[in-house]
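Chemist: First the structure, then my questions, so here it is.
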Number of protein chains: 2
Amino acid sequence: VPRIHFQQQLAELKDKLLAMAALAQQALDCAVEAYLQQDAGLCQHVRDLEAAINTTERDVYQMAYDLLAKEQPMAVDLRFILAVIKINSDLERVGDQSVNIAQRAEGLMNLPGVKLPVDVKKMGEWAGRMVRTSIQALLDADVKLAESVLTMDDEMDAMNHTAQRALMQEMQARPEVSDQALNAIIIARNLERTADHATNIAEDVIFWVRGSDVRHQMSLAAD
Amino acid sequence: VPRIHFQQQLAELKDKLLAMAALAQQALDCAVEAYLQQDAGLCQHVRDLEAAINTTERDVYQMAYDLLAKEQPMAVDLRFILAVIKINSDLERVGDQSVNIAQRAEGLMNLPGVKLPVDVKKMGEWAGRMVRTSIQALLDADVKLAESVLTMDDEMDAMNHTAQRALMQEMQARPEVSDQALNAIIIARNLERTADHATNIAEDVIFWVRGSDVRHQMSLAAD
């Protein structure tokens with residue numbers, strides 16, 4: 001019976017982390033949308049989401065902590081709980097990046113709208129897809145899926161690099177839009193950092209699954 | 001006797017994390033020096049240090065994991081081990097940032113040297129001081145010292161902001177140095193990110209000490 005109880009608590013921890021991931025993804029989507037639509041209400045919504053993210057982060061940590069303190073999880077379960085603790089931090093930082101984007105979006109609302117050589121919509125969707133994929137890899141314990149996130153990050157870095165170059169050139173060619181271009185440079189960088197957090201999550205998933213695989217094989221060999 | 005053994009293992013974990021911190025700080029110092037001196041040998045040294053950092057990261061994680069798996073640490077010890085796991089990740093990322101700086105330093109070696117409006121030496125020392133202070137706060141369980149790192153981070157953000165602005169203006173005013181200025185922009189950003197990792201470490205220290213204080217007071221009250 002205690003083991004069944006423990007598995008139930010692990011499932012609850014997973015659910016709570018999923019809620020955390022949903023909040024982080026929501027914050028990211030709203031922040032990008034706030035920039036694209038110049039919507040002040042959405043900026044405020046991102047701040048509300050971040051408050052919820054911070055509360056949920058503490059809840060997830062406390063649940064993980066209690067599991068470690070009260071049960072004595074071994075091998076694959078212990079590694080999973082440690083991965084959750086790290087992933088929880090990365091999701092919280094996705095929330096921070098989203099707030100940064102929303103702040104920049106607000107800064108842009110007082111400036112004339114201009115067309116800039118950066119596809120924020122595409123970069124935002126890509127970052128969101130990376131976060132979603134890394135969490136799906138966790139849920140499915142799927143190393144291949146997690147590895148695909150690392151490949152996606154190369155693409156994100158390339159998009160960011162291209163945008164940075166183009167926006168710098170734009171600033172040189174049209175000094176009158178340099179404030180808008182600087183905001184866009186920083187937003188592109190925030191999205192690239194968001195993608196880095198997704199990459200961290202994917203790496204934690206790989207380490208968790210591979211580590212437990214190795215241990216599993218070793219214990220089979222020892223039997 | 002088992003408790004003494006456990007305390008000894010905890011002390012070993014602390015020592016190993018200190019070694020990890022020393023490697024990360026060394027990598028940071030060498031990377032900044034490589035940029036300032038245009039020294040290709042130092043760039044290679046940063047890469048060697050990063051390899052050692054990656055190995056040590058795995059060692060620290062394994063030691064922490066083994067402690068959790070074999071002993072059943074409670075309250076303050078459990079929180080400490082979880083803080084070590086998170087801090088270990090941040091130190092590894094300080095290593096990553098150092099390699100990024102070294103790569104930029106190498107890129108600059110093929111370009112004419114120019115004077116730029118950014119004090120990389122000062123920013124590098126500041127970031128190094130933040131990392132050192134956050135680790136000292138961990139060793140001394142000193143919340144006030146950890147909080148000073150958060151204040152230092154505001155200063156770092158201000159330095160980075162000023163440098164970004166000045167370097168952007170320089171690029172506009174002198175397009176012929178824009179490659180050098182872009183490299184400097186990215187190095188300043190890498191140093192700011194390094195400072196963010198120090199801030200994360202300080203936050204983990206605060207959470208660890210405050211959390212255990214609360215628990216300690218509660219158990220005193222219950223006695």
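Ligands are numbered from 1 in the order shown, chains are lettered A, B, ... in the order of the structure tokens, and residues start at 1 in each chain.
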Near stretch 106-116 of chain B, within 9 Å and counting only C-alpha atoms, which residues show up once chain neighbours fewer than 4 positions away are dropped, as a VMD selection string?
Modeler: chain B and resid 34 to 35 38 to 40 43 101 to 102 166 to 167 170 177 179 to 181 183 to 184
Chemist: Counting only C-alpha atoms, give me one row per residue of chain A with an atom at most 7 Å from an atom of chain B, showing the shortest contact pair and its distance in Å to one decimal, sorted by chain then residue number, as a tab-separated table.
Modeler:
residue	atom	partner	partner_atom	distance
A:Ala69	CA	B:Met74	CA	5.9
A:Gln72	CA	B:Gln72	CA	6.8
A:Met74	CA	B:Ala69	CA	5.9
A:Lys86	CA	B:Lys86	CA	6.8
A:Gln172	CA	B:Gln172	CA	4.8
Chemist: Find the residues near stretch 127-137 of chain B: any atom within 7 Å, counting only C-alpha atoms, skip ones fewer than 5 places away on the same chain, and give them as an MDAnalysis selection string.
Modeler: chainID B and resid 25 142:143 145:146 149 191 194:195 198 201:202 205
Chemist: Residues as selected, C-alpha atoms, written as an mmCIF file, in the first residue's frame, can you do that?
Modeler:
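Produced file part_16.cif, reproduced below:
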data_model
loop_
_atom_site.group_PDB
_atom_site.id
_atom_site.type_symbol
_atom_site.label_atom_id
_atom_site.label_comp_id
_atom_site.auth_asym_id
_atom_site.auth_seq_id
_atom_site.Cartn_x
_atom_site.Cartn_y
_atom_site.Cartn_z
ATOM 1 C CA GLN B 25 35.625 31.191 -11.712
ATOM 2 C CA ASP B 142 24.808 33.885 5.221
ATOM 3 C CA VAL B 143 21.506 35.324 3.972
ATOM 4 C CA LEU B 145 25.723 38.173 2.029
ATOM 5 C CA ALA B 146 23.478 36.350 -0.452
ATOM 6 C CA VAL B 149 24.527 39.601 -4.577
ATOM 7 C CA LEU B 191 28.935 38.660 -18.510
ATOM 8 C CA THR B 194 27.050 35.039 -15.785
ATOM 9 C CA ALA B 195 25.896 37.512 -13.143
ATOM 10 C CA ALA B 198 25.416 34.137 -9.508
ATOM 11 C CA ILE B 201 22.952 30.782 -6.664
ATOM 12 C CA ALA B 202 22.328 33.545 -4.111
ATOM 13 C CA VAL B 205 21.188 30.043 -0.658
#
Chemist: Atom CA of B:Gln37 and atom CA of B:Ala105, how far apart in Å?
Modeler: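 Rounded to one decimal, the two atoms are 9.2 Å apart.
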